[in-house]
file model25.cif (mmCIF, C-alpha atoms)
data_coords
#
loop_
_atom_site.label_atom_id
_atom_site.label_comp_id
_atom_site.auth_asym_id
_atom_site.auth_seq_id
_atom_site.Cartn_x
_atom_site.Cartn_y
_atom_site.Cartn_z
CA MET D 30 -20.16 4.25 -1.08
CA THR D 31 -16.43 3.64 -0.58
CA GLN D 32 -15.07 1.72 -3.57
CA VAL D 33 -11.35 1.63 -2.79
CA ILE D 34 -9.38 1.66 0.46
CA VAL D 35 -5.73 2.60 -0.04
CA LEU D 36 -3.46 1.51 2.82
CA ASN D 37 -0.10 3.28 2.57
CA GLY D 38 2.79 2.43 4.85
CA GLY D 39 6.38 1.30 4.88
CA SER D 40 7.55 -2.26 4.55
CA SER D 41 6.58 -4.47 7.53
CA SER D 42 4.21 -1.81 8.91
CA GLY D 43 1.28 -4.23 8.99
CA LYS D 44 -0.66 -3.32 5.83
CA SER D 45 -1.14 -6.88 4.58
CA GLY D 46 -2.45 -8.05 7.94
CA ILE D 47 -4.86 -5.13 8.09
CA ALA D 48 -6.04 -5.88 4.53
CA ARG D 49 -6.82 -9.51 5.50
CA CYS D 50 -8.64 -8.34 8.63
CA LEU D 51 -10.64 -5.81 6.60
CA GLN D 52 -11.77 -8.64 4.34
CA ALA D 53 -13.00 -10.46 7.45
CA VAL D 54 -14.83 -7.53 9.09
CA LEU D 55 -16.33 -5.64 6.15
CA PRO D 56 -19.83 -6.85 5.28
CA ASP D 57 -19.27 -7.07 1.50
CA PRO D 58 -16.51 -8.99 -0.30
CA TRP D 59 -13.40 -6.91 -0.96
CA LEU D 60 -10.40 -7.80 -3.11
CA ALA D 61 -6.99 -7.25 -1.49
CA LEU D 62 -4.25 -6.29 -3.94
CA GLY D 63 -0.82 -5.01 -3.09
CA THR D 64 2.39 -3.68 -4.47
CA ASP D 65 4.06 -6.99 -3.56
CA THR D 66 1.63 -8.70 -5.95
CA LEU D 67 2.64 -6.28 -8.71
CA VAL D 68 6.36 -6.85 -8.14
CA GLU D 69 5.90 -10.65 -8.00
CA ALA D 70 3.92 -10.57 -11.27
CA MET D 71 6.71 -8.77 -13.13
CA PRO D 72 9.31 -10.70 -15.09
CA ALA D 73 12.63 -11.33 -13.37
CA SER D 74 14.31 -9.13 -15.97
CA ILE D 75 12.64 -6.08 -14.41
CA GLN D 76 14.80 -6.65 -11.32
CA THR D 77 17.98 -6.78 -13.36
CA SER D 78 17.43 -3.91 -15.81
CA ASP D 79 18.29 -0.28 -15.22
CA GLY D 80 14.71 0.72 -16.06
CA GLY D 81 13.07 -1.73 -13.68
CA ILE D 82 13.12 -2.02 -9.91
CA ALA D 83 16.24 -2.39 -7.79
CA PHE D 84 16.65 -3.30 -4.12
CA ALA D 85 19.90 -2.00 -2.64
CA PRO D 86 21.67 -3.92 0.14
CA ASP D 87 20.66 -1.20 2.63
CA GLY D 88 16.96 -1.58 1.76
CA GLU D 89 16.64 1.40 -0.58
CA VAL D 90 14.28 0.78 -3.50
CA THR D 91 14.65 2.57 -6.82
CA VAL D 92 12.40 2.28 -9.85
CA GLY D 93 12.84 3.17 -13.49
CA PRO D 94 10.67 3.80 -16.55
CA GLU D 95 9.95 0.12 -17.34
CA PHE D 96 8.61 -0.37 -13.83
CA ARG D 97 6.58 2.87 -14.02
CA ALA D 98 4.96 1.79 -17.31
CA LEU D 99 3.83 -1.54 -15.82
CA GLU D 100 2.77 0.22 -12.62
CA ALA D 101 0.59 2.64 -14.61
CA ALA D 102 -1.18 -0.31 -16.25
CA TRP D 103 -1.61 -1.93 -12.80
CA LEU D 104 -3.16 1.25 -11.37
CA ALA D 105 -5.51 1.54 -14.35
CA GLY D 106 -6.46 -2.12 -13.94
CA ILE D 107 -7.33 -1.74 -10.27
CA ALA D 108 -9.37 1.36 -11.07
CA ALA D 109 -11.18 -0.55 -13.83
CA MET D 110 -12.06 -3.35 -11.40
CA ALA D 111 -13.48 -0.83 -8.95
CA ARG D 112 -15.45 0.90 -11.72
CA ALA D 113 -16.82 -2.53 -12.70
CA GLY D 114 -18.17 -3.03 -9.18
CA ALA D 115 -15.38 -4.74 -7.25
CA ARG D 116 -14.48 -3.17 -3.93
CA VAL D 117 -10.72 -3.12 -3.49
CA VAL D 118 -8.28 -2.78 -0.60
CA VAL D 119 -4.89 -1.65 -1.94
CA ASP D 120 -1.77 -2.43 0.12
CA GLU D 121 0.72 0.17 -1.12
CA VAL D 122 4.13 1.70 -0.37
CA PHE D 123 4.33 5.32 -1.56
CA LEU D 124 8.09 5.45 -2.14
CA GLY D 125 7.59 8.83 -3.80
CA GLY D 126 5.33 10.19 -1.04
CA ALA D 127 2.92 12.77 -2.47
CA ASP D 128 3.95 11.97 -6.07
CA SER D 129 2.93 8.34 -5.56
CA GLN D 130 -0.42 9.38 -4.14
CA GLN D 131 -0.95 11.68 -7.11
CA ARG D 132 -0.45 8.77 -9.54
CA TRP D 133 -3.14 6.85 -7.63
CA ARG D 134 -5.48 9.87 -7.53
CA LYS D 135 -5.17 10.26 -11.29
CA ALA D 136 -5.86 6.56 -11.93
CA LEU D 137 -8.78 6.34 -9.49
CA GLY D 138 -10.37 9.57 -10.73
CA GLU D 139 -13.99 9.87 -9.60
CA LEU D 140 -14.00 6.70 -7.49
CA ARG D 141 -14.78 7.02 -3.77
CA VAL D 142 -11.50 6.34 -1.98
CA LEU D 143 -10.62 6.07 1.70
CA TRP D 144 -6.95 7.05 2.11
CA VAL D 145 -5.40 5.37 5.15
CA GLY D 146 -1.91 5.95 6.52
CA VAL D 147 -0.48 2.88 8.25
CA ARG D 148 2.24 3.99 10.60
CA CYS D 149 4.64 1.91 12.66
CA ASP D 150 7.67 2.88 14.70
CA ALA D 151 10.78 2.27 12.57
CA ALA D 152 12.43 0.05 15.19
CA VAL D 153 9.30 -2.11 15.57
CA ALA D 154 8.93 -2.43 11.79
CA ALA D 155 12.62 -3.37 11.55
CA GLY D 156 12.08 -6.12 14.12
CA ARG D 157 9.16 -7.47 12.11
CA GLU D 158 11.30 -7.32 8.99
CA VAL D 159 13.93 -9.55 10.57
CA ALA D 160 11.27 -11.95 11.90
CA ARG D 161 9.69 -12.26 8.42
CA GLY D 162 12.97 -13.19 6.83
CA ASP D 163 11.79 -12.29 3.31
CA ARG D 164 12.83 -8.63 3.23
CA ILE D 165 16.09 -6.81 2.76
CA THR D 166 17.29 -5.59 6.13
CA GLY D 167 16.95 -1.82 6.34
CA MET D 168 13.91 -1.50 4.08
CA ALA D 169 11.43 -1.08 6.96
CA ALA D 170 13.48 1.57 8.76
CA SER D 171 14.20 3.55 5.59
CA GLN D 172 10.53 3.58 4.53
CA ALA D 173 8.84 4.18 7.91
CA GLU D 174 8.58 7.96 7.45
CA LEU D 175 9.56 8.39 3.80
CA VAL D 176 6.29 6.94 2.44
CA HIS D 177 4.16 9.44 4.38
CA ARG D 178 5.90 12.65 3.22
CA GLY D 179 3.35 15.02 1.75
CA VAL D 180 0.58 12.40 1.69
CA ALA D 181 -2.95 13.42 2.70
CA TYR D 182 -5.05 10.85 4.57
CA ASP D 183 -8.66 10.50 5.64
CA LEU D 184 -7.52 8.33 8.54
CA GLU D 185 -4.31 7.07 10.12
CA VAL D 186 -3.67 3.97 12.21
CA ASP D 187 -0.52 3.00 14.09
CA THR D 188 0.43 -0.66 14.33
CA THR D 189 3.30 -0.09 16.74
CA HIS D 190 1.14 -1.20 19.68
CA THR D 191 -2.22 -1.90 17.99
CA GLU D 192 -3.14 -5.26 16.45
CA SER D 193 -4.22 -5.55 12.81
CA MET D 194 -7.80 -6.48 13.71
CA GLU D 195 -8.27 -3.40 15.89
CA CYS D 196 -6.84 -1.20 13.10
CA ALA D 197 -9.18 -2.91 10.60
CA ARG D 198 -12.19 -2.23 12.80
CA THR D 199 -11.18 1.43 13.07
CA ILE D 200 -10.91 1.65 9.29
CA ALA D 201 -14.15 -0.27 8.71
CA ALA D 202 -16.00 2.27 10.86
CA HIS D 203 -15.05 4.91 8.24
CA VAL D 204 -16.18 2.89 5.23
CA GLU D 205 -19.49 4.03 3.78
#
call {"tool": "encode", "arguments": {"input": "model25.cif", "output": "structure tokens"}}
result
Amino acid sequence: MTQVIVLNGGSSSGKSGIARCLQAVLPDPWLALGTDTLVEAMPASIQTSDGGIAFAPDGEVTVGPEFRALEAAWLAGIAAMARAGARVVVDEVFLGGADSQQRWRKALGELRVLWVGVRCDAAVAAGREVARGDRITGMAASQAELVHRGVAYDLEVDTTHTESMECARTIAAHVE
């Protein structure tokens, strides 16, 4: 039985919408947790320290050791919830590509995971980014391909021309 669905894609690619749709179409209750939740839960000082997380004016995101330590605890916590019986949809941005996936693989260990790549044309994601108004301009375009480098998926969806609900149904068909 699938215990965790990891949705990986760049900013404004549609992961959060897909996660909400998955919660609506999957027969059992699933928790939806994302990297935005992690960042929002961190103290403001993490965004002002050299070891935390920084958002450059061009949309580039860099992280340091303080962020990584909290992230490791977050990953372990999500894995613990899944081991305790919660089914979890993770909305993630693999800034480090394959290295990011490896951190998740290590944390999730023996759990049954469905790895899903959420792709979106960079120009379309950039348009969504502007429409949202809560992102740094340039983040979507810079992450559109970067987050997929070296990452292995069980399934990929593309939100460029496909609605979140249709992507969720495609993913749900692969959940055991």
call {"tool": "axis_aligned_box", "arguments": {"input": "model25.cif", "around": "range 147-166 of chain D", "padding_each_side": "4 Å", "output": "JSON"}}
result
{"center_x": 8.4, "center_y": -4.6, "center_z": 9.2, "size_x": 25.8, "size_y": 25.2, "size_z": 20.8}
call {"tool": "resolve_selection", "arguments": {"input": "model25.cif", "expression": "the PyMOL selection byres ((chain D and resi 51) around 8)", "output": "tab-separated table (two decimals) with C-alpha atoms, in the coordinates of the input"}}
result
chain	number	residue	atom	x	y	z
D	47	ILE	CA	-4.86	-5.13	8.09
D	48	ALA	CA	-6.04	-5.88	4.53
D	49	ARG	CA	-6.82	-9.51	5.50
D	50	CYS	CA	-8.64	-8.34	8.63
D	52	GLN	CA	-11.77	-8.64	4.34
D	53	ALA	CA	-13.00	-10.46	7.45
D	54	VAL	CA	-14.83	-7.53	9.09
D	55	LEU	CA	-16.33	-5.64	6.15
D	194	MET	CA	-7.80	-6.48	13.71
D	197	ALA	CA	-9.18	-2.91	10.60
D	198	ARG	CA	-12.19	-2.23	12.80
D	200	ILE	CA	-10.91	1.65	9.29
D	201	ALA	CA	-14.15	-0.27	8.71
call {"tool": "closest_atom_pairs", "arguments": {"input": "model25.cif", "of": "range 59-111 of chain D", "to": "range 139-154 of chain D", "cutoff": "12 Å", "atoms": "only C-alpha atoms", "output": "tab-separated table"}}
result
residue	atom	partner	partner_atom	distance
D:Ile107	CA	D:Leu140	CA	11.1
D:Ala108	CA	D:Leu140	CA	7.9
D:Ala109	CA	D:Leu140	CA	10.0
D:Met110	CA	D:Leu140	CA	11.0
D:Ala111	CA	D:Leu140	CA	7.7
call {"tool": "resolve_selection", "arguments": {"input": "model25.cif", "expression": "the PyMOL selection byres ((chain D and resi 158) around 12)", "output": "PyMOL selection string"}}
result
chain D and resi 39-43+88+149+151-157+159-173
call {"tool": "atom_distance", "arguments": {"input": "model25.cif", "atom1": "CA of Ala73 in chain D", "atom2": "CA of Gln131 in chain D"}}
result
27.4 Å
call {"tool": "atom_distance", "arguments": {"input": "model25.cif", "atom1": "CA of Gly93 in chain D", "atom2": "CA of Asn37 in chain D"}}
result
20.6 Å
call {"tool": "residues_near_point", "arguments": {"input": "model25.cif", "point": "(16.8, -3.3, -11.7)", "cutoff": "12 Å", "atoms": "all atoms listed in the file", "output": "PDB file with C-alpha atoms, in the frame of the given file"}}
result
ATOM      1  CA  VAL D  68       6.360  -6.850  -8.140  1.00  0.00           C
ATOM      2  CA  MET D  71       6.710  -8.770 -13.130  1.00  0.00           C
ATOM      3  CA  PRO D  72       9.310 -10.700 -15.090  1.00  0.00           C
ATOM      4  CA  ALA D  73      12.630 -11.330 -13.370  1.00  0.00           C
ATOM      5  CA  SER D  74      14.310  -9.130 -15.970  1.00  0.00           C
ATOM      6  CA  ILE D  75      12.640  -6.080 -14.410  1.00  0.00           C
ATOM      7  CA  GLN D  76      14.800  -6.650 -11.320  1.00  0.00           C
ATOM      8  CA  THR D  77      17.980  -6.780 -13.360  1.00  0.00           C
ATOM      9  CA  SER D  78      17.430  -3.910 -15.810  1.00  0.00           C
ATOM     10  CA  ASP D  79      18.290  -0.280 -15.220  1.00  0.00           C
ATOM     11  CA  GLY D  80      14.710   0.720 -16.060  1.00  0.00           C
ATOM     12  CA  GLY D  81      13.070  -1.730 -13.680  1.00  0.00           C
ATOM     13  CA  ILE D  82      13.120  -2.020  -9.910  1.00  0.00           C
ATOM     14  CA  ALA D  83      16.240  -2.390  -7.790  1.00  0.00           C
ATOM     15  CA  PHE D  84      16.650  -3.300  -4.120  1.00  0.00           C
ATOM     16  CA  ALA D  85      19.900  -2.000  -2.640  1.00  0.00           C
ATOM     17  CA  VAL D  90      14.280   0.780  -3.500  1.00  0.00           C
ATOM     18  CA  THR D  91      14.650   2.570  -6.820  1.00  0.00           C
ATOM     19  CA  VAL D  92      12.400   2.280  -9.850  1.00  0.00           C
ATOM     20  CA  GLY D  93      12.840   3.170 -13.490  1.00  0.00           C
ATOM     21  CA  PRO D  94      10.670   3.800 -16.550  1.00  0.00           C
ATOM     22  CA  GLU D  95       9.950   0.120 -17.340  1.00  0.00           C
ATOM     23  CA  PHE D  96       8.610  -0.370 -13.830  1.00  0.00           C
TER      24      PHE D  96
END
call {"tool": "atom_distance", "arguments": {"input": "model25.cif", "atom1": "CA of Tyr182 in chain D", "atom2": "CA of Ala113 in chain D"}}
result
24.8 Å
call {"tool": "resolve_selection", "arguments": {"input": "model25.cif", "expression": "the PyMOL selection byres ((chain D and resi 124) around 8)", "output": "list in words"}}
result
Val90, Val122, Phe123, Gly125, Gly126, Ser129, Gln172, Leu175 and Val176 of chain D
call {"tool": "closest_residue", "arguments": {"input": "model25.cif", "among": "D:Trp103, D:Thr188, D:Thr199, D:Thr31", "to": "Gly46 in chain D", "atoms": "all atoms listed in the file"}}
result
D:Thr188
call {"tool": "closest_residue", "arguments": {"input": "model25.cif", "among": "D:Leu104, D:Val119, D:Ala202, D:Leu99", "to": "Leu137 in chain D", "atoms": "only C-alpha atoms"}}
result
D:Leu104
